[in-house]
Structures are given as C-alpha cells and as structure tokens.
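Asks: Just so it is clear, I am handing over my_file_10.cif, which has mmCIF, C-alpha atoms and all ligand atoms.
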```cif
data_work
loop_
_atom_site.label_atom_id
_atom_site.label_comp_id
_atom_site.auth_asym_id
_atom_site.auth_seq_id
_atom_site.Cartn_x
_atom_site.Cartn_y
_atom_site.Cartn_z
CA MET A 1 -3.43 -17.31 0.69
CA ASN A 2 -3.95 -18.71 4.22
CA ASP A 3 -0.63 -17.55 5.62
CA CYS A 4 -0.65 -14.05 4.12
CA LEU A 5 -0.88 -11.23 6.69
CA PHE A 6 -2.51 -8.77 4.30
CA CYS A 7 -5.03 -11.36 3.06
CA LYS A 8 -6.00 -11.80 6.73
CA ILE A 9 -6.42 -8.02 7.05
CA ILE A 10 -8.62 -8.04 3.92
CA ALA A 11 -10.68 -10.87 5.42
CA GLY A 12 -11.06 -8.91 8.69
CA GLU A 13 -9.24 -11.63 10.66
CA ILE A 14 -6.59 -9.11 11.73
CA PRO A 15 -7.67 -5.55 12.64
CA SER A 16 -6.51 -2.54 10.66
CA THR A 17 -7.17 1.17 10.56
CA LYS A 18 -8.98 1.36 7.27
CA VAL A 19 -8.89 4.59 5.28
CA TYR A 20 -10.41 3.39 1.98
CA GLU A 21 -12.09 0.27 0.62
CA ASP A 22 -13.84 -0.77 -2.57
CA ASP A 23 -14.41 -4.06 -4.41
CA SER A 24 -10.79 -4.51 -5.45
CA VAL A 25 -8.62 -2.29 -3.23
CA LEU A 26 -8.06 -1.73 0.50
CA ALA A 27 -6.02 1.02 2.15
CA PHE A 28 -5.09 1.11 5.84
CA ARG A 29 -2.60 2.85 8.11
CA ASP A 30 0.84 1.29 8.47
CA ILE A 31 1.31 -0.11 11.99
CA ASN A 32 4.81 1.39 12.16
CA PRO A 33 4.46 4.79 10.45
CA GLN A 34 7.55 6.34 8.86
CA ALA A 35 5.84 9.70 8.27
CA PRO A 36 2.80 11.58 9.64
CA VAL A 37 0.76 9.97 6.86
CA HIS A 38 1.80 6.38 6.10
CA ILE A 39 -0.87 4.35 4.38
CA LEU A 40 -0.62 0.98 2.65
CA VAL A 41 -2.71 0.50 -0.50
CA ILE A 42 -3.22 -3.10 -1.56
CA PRO A 43 -5.15 -5.14 -4.12
CA LYS A 44 -7.68 -7.50 -2.55
CA THR A 45 -6.50 -10.23 -4.92
CA HIS A 46 -3.34 -11.88 -3.66
CA ILE A 47 -0.46 -10.73 -5.88
CA ALA A 48 2.94 -11.31 -4.29
CA SER A 49 4.69 -8.20 -5.60
CA ILE A 50 4.88 -5.84 -8.56
CA ALA A 51 7.23 -8.39 -10.15
CA ASP A 52 4.13 -10.57 -10.60
CA ILE A 53 2.18 -8.01 -12.63
CA THR A 54 1.17 -9.28 -16.08
CA PRO A 55 -1.13 -8.04 -18.84
CA GLU A 56 -3.88 -10.14 -17.20
CA ASN A 57 -3.74 -8.47 -13.77
CA SER A 58 -2.29 -5.01 -14.47
CA GLY A 59 -5.69 -3.31 -14.44
CA VAL A 60 -5.67 -3.16 -10.67
CA ILE A 61 -2.49 -1.06 -10.78
CA ALA A 62 -4.26 1.67 -12.76
CA HIS A 63 -7.09 1.56 -10.25
CA ILE A 64 -4.68 1.71 -7.30
CA SER A 65 -3.15 4.85 -8.86
CA GLU A 66 -6.57 6.48 -8.88
CA VAL A 67 -7.16 5.41 -5.28
CA ILE A 68 -3.79 6.81 -4.20
CA ALA A 69 -4.61 10.18 -5.83
CA HIS A 70 -7.99 10.17 -4.07
CA ILE A 71 -6.51 9.33 -0.65
CA ALA A 72 -3.73 11.91 -1.05
CA ARG A 73 -6.35 14.61 -1.71
CA GLU A 74 -8.44 13.42 1.23
CA GLN A 75 -5.40 13.40 3.55
CA GLY A 76 -4.50 16.95 2.48
CA LEU A 77 -1.13 16.02 0.96
CA ASN A 78 -1.17 19.14 -1.21
CA GLU A 79 2.58 19.72 -0.86
CA GLY A 80 3.36 16.29 -2.28
CA PHE A 81 3.97 12.74 -1.16
CA ARG A 82 5.87 9.57 -2.02
CA VAL A 83 4.62 6.21 -3.27
CA CYS A 84 6.85 3.17 -3.21
CA THR A 85 6.54 -0.59 -3.41
CA ASN A 86 9.37 -2.65 -1.97
CA THR A 87 10.02 -5.78 -4.02
CA GLY A 88 11.90 -8.93 -3.12
CA ALA A 89 14.96 -9.32 -0.92
CA HIS A 90 17.02 -6.43 -2.32
CA GLY A 91 13.94 -4.21 -2.08
CA CYS A 92 13.46 -5.21 1.59
CA GLN A 93 9.92 -6.48 1.01
CA SER A 94 8.77 -8.00 4.30
CA VAL A 95 5.12 -8.77 3.47
CA LYS A 96 4.70 -10.84 0.30
CA HIS A 97 1.43 -9.24 -0.78
CA LEU A 98 1.74 -6.32 -3.20
CA HIS A 99 1.43 -3.03 -1.32
CA PHE A 100 2.11 0.58 -2.12
CA HIS A 101 3.38 2.78 0.69
CA LEU A 102 1.86 6.27 0.56
CA LEU A 103 4.05 8.56 2.65
CA GLY A 104 3.59 12.25 3.33
CA GLY A 105 2.75 14.99 5.77
CA ARG A 106 6.32 16.26 6.11
CA GLN A 107 9.36 17.01 3.93
CA LEU A 108 10.67 13.58 2.94
CA SER A 109 14.33 12.72 2.48
CA GLU A 110 15.88 12.97 -1.00
CA ARG A 111 17.46 9.55 -0.51
CA LEU A 112 15.55 6.60 -1.90
CA GLY A 113 18.08 3.81 -1.57
P1 LIG B 201 7.44 -3.86 3.36
O1 LIG B 201 8.61 -3.88 4.30
O2 LIG B 201 7.59 -2.94 2.19
O3 LIG B 201 7.02 -5.26 2.95
O4 LIG B 201 6.23 -3.21 4.17
C1 LIG B 201 5.43 -3.91 5.02
C2 LIG B 201 4.77 -2.90 5.90
O5 LIG B 201 3.70 -3.50 6.55
C3 LIG B 201 5.70 -2.32 6.98
O6 LIG B 201 5.82 -0.91 6.80
C4 LIG B 201 5.00 -2.70 8.28
O7 LIG B 201 5.09 -1.70 9.26
C5 LIG B 201 3.57 -2.91 7.81
N1 LIG B 201 2.78 -3.80 8.64
C6 LIG B 201 3.13 -5.02 9.11
N2 LIG B 201 2.11 -5.56 9.80
C7 LIG B 201 1.10 -4.66 9.75
C8 LIG B 201 -0.22 -4.64 10.29
N3 LIG B 201 -0.74 -5.66 11.00
N4 LIG B 201 -0.99 -3.54 10.06
C9 LIG B 201 -0.51 -2.51 9.34
N5 LIG B 201 0.73 -2.48 8.80
C10 LIG B 201 1.52 -3.54 9.01
#
```
Please re-express this file's structure in structure tokens.
Ligand code: AMP

Replies:
Amino acid sequence: MNDCLFCKIIAGEIPSTKVYEDDSVLAFRDINPQAPVHILVIPKTHIASIADITPENSGVIAHISEVIAHIAREQGLNEGFRVCTNTGAHGCQSVKHLHFHLLGGRQLSERLG
C-alpha cells in the first residue's frame, strides 16, 4: 500500500522508535503517547483493520497476542495494561492499517468509550 503510513514505517521510509520486530510483526512507540508506555503493534502485511480479519489471515492476530504479552513483560507492565484497536469512523481509527495500542505504566481510566 503506497499511501499507507504504517507500511512506510515497516519499509523504513519513515522513522520509528522500534521496540520489537520479527518476520510478521512490528512494534514501535506511538508518536503522541497517551500513557507512559504507548506502543503500537502491527502486522507487516497490510490489513486495514480488525474488521478485515478472516479465517485466512487471522493467524497473525494470535501471534500479535503473544508479542503483546512479551512486550508487556519486557516493559515491566506487571500491574496491568490495556490493548485496544480503533476501527472505522465510529472507532476513531485514523491510520487505516491494523494496529493494537498497548497502553500502560500508570492507572488507566475506567472509561473506554
Ligand atoms: P488510531 O487513531 O487508533 O488510528 O491510532 C493511530 C495512532 O498512530 C495515533 O495514536 C498516532 O499518535 C499514531 N501515529 C501517527 N503517526 C505516527 C508515527 N509516524 N509514528 C508513530 N505513531 C504514529
């Protein structure tokens, strides 16, 4: 996807603060952090959002879950953390490449919506 910001980050065309990378997943710090730890975890394959997950591509979601658990341990988020993926207009998704926000490092608000 030529015009996708996160595909450009994956390709190294736009810099990012990388915290984890393997063959199928990249994680980097959010440029506008909402918590002391705010990391975005993304598949390297362009998938627009979680609404586009199918039986054919859902394997990467299981892998991302493992990566999130690994990063959370590494970041010392022993007291807990939040994972969310904004989807579509009502979900306020601004970047149309599937990403999971990993937020932690302080007591988070009870409000989700
Ligand atoms: P969302 O609003 O759920 O689509 O989240 C997109 C996130 O990407 C926001 O939290 C932005 O701060 C973050 N973001 C946008 N551009 C960059 C960038 N170049 N590097 C890191 N994070 C970014």

Asks: Please report the interatomic distance between atom C5 of ligand LIG 201 (chain B) and CA of Leu40 in chain A in Å with one decimal.

Replies: 7.7 Å

Asks: Applying 6 Å and all atoms listed in the file, which residues near Ala48 in chain A remain after dropping the ones on its own chain fewer than 5 positions away? List them as a ChimeraX atom specification.

Replies: /A:96-98

Asks: Compare A:Ile64, A:Thr45, A:Ala35, A:Ala72 by their minimum atom-to-atom distance to Ala11 in chain A, counting all atoms listed in the file, and give me the closest one.

Replies: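 Distance minimum relative to Ala11 in chain A lands on A:Thr45.
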
Asks: As number ranges by chain, please: every protein or nucleic acid residue near ligand LIG 201 (chain B) (cut-off 7 Å, counting all atoms listed in the file).

Replies: A: 14, 16, 28-33, 85-86, 92-96

Asks: Do you know which residues are at most 12 Å from range 105-107 of chain A counting only C-alpha atoms, after dropping those on the same chain fewer than 4 positions away, and could you put them as a ChimeraX atom specification?

Replies: /A:33-39,72-73,75-82,111

Asks: Take range 41-62 of chain A, bring it up to N, CA, C and O atoms, and give me the output as a tab-separated table (two decimals), in the coordinates of the input.

Replies:
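Listing of result06.tsv after writing:
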```
chain	number	residue	atom	x	y	z
A	41	VAL	N	-1.62	0.71	0.46
A	41	VAL	CA	-2.71	0.50	-0.50
A	41	VAL	C	-2.46	-0.83	-1.19
A	41	VAL	O	-1.38	-1.04	-1.78
A	42	ILE	N	-3.43	-1.73	-1.09
A	42	ILE	CA	-3.22	-3.10	-1.56
A	42	ILE	C	-4.38	-3.58	-2.42
A	42	ILE	O	-5.53	-3.18	-2.21
A	43	PRO	N	-4.06	-4.48	-3.39
A	43	PRO	CA	-5.15	-5.14	-4.12
A	43	PRO	C	-5.76	-6.22	-3.23
A	43	PRO	O	-5.05	-6.85	-2.44
A	44	LYS	N	-7.06	-6.44	-3.35
A	44	LYS	CA	-7.68	-7.50	-2.55
A	44	LYS	C	-7.31	-8.89	-3.08
A	44	LYS	O	-7.28	-9.85	-2.32
A	45	THR	N	-7.02	-8.97	-4.36
A	45	THR	CA	-6.50	-10.23	-4.92
A	45	THR	C	-5.08	-10.42	-4.45
A	45	THR	O	-4.30	-9.45	-4.44
A	46	HIS	N	-4.72	-11.65	-4.08
A	46	HIS	CA	-3.34	-11.88	-3.66
A	46	HIS	C	-2.41	-11.85	-4.86
A	46	HIS	O	-2.47	-12.72	-5.73
A	47	ILE	N	-1.55	-10.83	-4.89
A	47	ILE	CA	-0.46	-10.73	-5.88
A	47	ILE	C	0.78	-10.52	-5.02
A	47	ILE	O	0.78	-9.64	-4.14
A	48	ALA	N	1.81	-11.32	-5.21
A	48	ALA	CA	2.94	-11.31	-4.29
A	48	ALA	C	3.71	-9.99	-4.32
A	48	ALA	O	4.13	-9.47	-3.27
A	49	SER	N	3.92	-9.45	-5.50
A	49	SER	CA	4.69	-8.20	-5.60
A	49	SER	C	4.47	-7.62	-6.99
A	49	SER	O	3.84	-8.24	-7.86
A	50	ILE	N	5.04	-6.45	-7.23
A	50	ILE	CA	4.88	-5.84	-8.56
A	50	ILE	C	5.62	-6.65	-9.63
A	50	ILE	O	5.29	-6.55	-10.82
A	51	ALA	N	6.54	-7.51	-9.20
A	51	ALA	CA	7.23	-8.39	-10.15
A	51	ALA	C	6.29	-9.44	-10.73
A	51	ALA	O	6.62	-10.10	-11.71
A	52	ASP	N	5.11	-9.59	-10.13
A	52	ASP	CA	4.13	-10.57	-10.60
A	52	ASP	C	3.01	-9.94	-11.41
A	52	ASP	O	1.99	-10.59	-11.67
A	53	ILE	N	3.18	-8.68	-11.80
A	53	ILE	CA	2.18	-8.01	-12.63
A	53	ILE	C	2.34	-8.45	-14.09
A	53	ILE	O	3.46	-8.48	-14.62
A	54	THR	N	1.20	-8.80	-14.69
A	54	THR	CA	1.17	-9.28	-16.08
A	54	THR	C	0.06	-8.51	-16.81
A	54	THR	O	-0.73	-7.80	-16.17
A	55	PRO	N	-0.03	-8.68	-18.13
A	55	PRO	CA	-1.13	-8.04	-18.84
A	55	PRO	C	-2.50	-8.45	-18.29
A	55	PRO	O	-3.46	-7.69	-18.35
A	56	GLU	N	-2.58	-9.65	-17.71
A	56	GLU	CA	-3.88	-10.14	-17.20
A	56	GLU	C	-4.30	-9.45	-15.90
A	56	GLU	O	-5.48	-9.32	-15.62
A	57	ASN	N	-3.34	-9.04	-15.07
A	57	ASN	CA	-3.74	-8.47	-13.77
A	57	ASN	C	-3.33	-7.01	-13.58
A	57	ASN	O	-3.49	-6.46	-12.49
A	58	SER	N	-2.83	-6.37	-14.64
A	58	SER	CA	-2.29	-5.01	-14.47
A	58	SER	C	-3.37	-3.95	-14.30
A	58	SER	O	-3.07	-2.84	-13.86
A	59	GLY	N	-4.61	-4.30	-14.58
A	59	GLY	CA	-5.69	-3.31	-14.44
A	59	GLY	C	-5.81	-2.77	-13.03
A	59	GLY	O	-6.10	-1.57	-12.84
A	60	VAL	N	-5.54	-3.61	-12.06
A	60	VAL	CA	-5.67	-3.16	-10.67
A	60	VAL	C	-4.63	-2.08	-10.33
A	60	VAL	O	-4.87	-1.25	-9.45
A	61	ILE	N	-3.52	-2.07	-11.04
A	61	ILE	CA	-2.49	-1.06	-10.78
A	61	ILE	C	-2.99	0.33	-11.20
A	61	ILE	O	-2.80	1.31	-10.48
A	62	ALA	N	-3.67	0.39	-12.34
A	62	ALA	CA	-4.26	1.67	-12.76
A	62	ALA	C	-5.27	2.13	-11.72
A	62	ALA	O	-5.31	3.31	-11.34
```
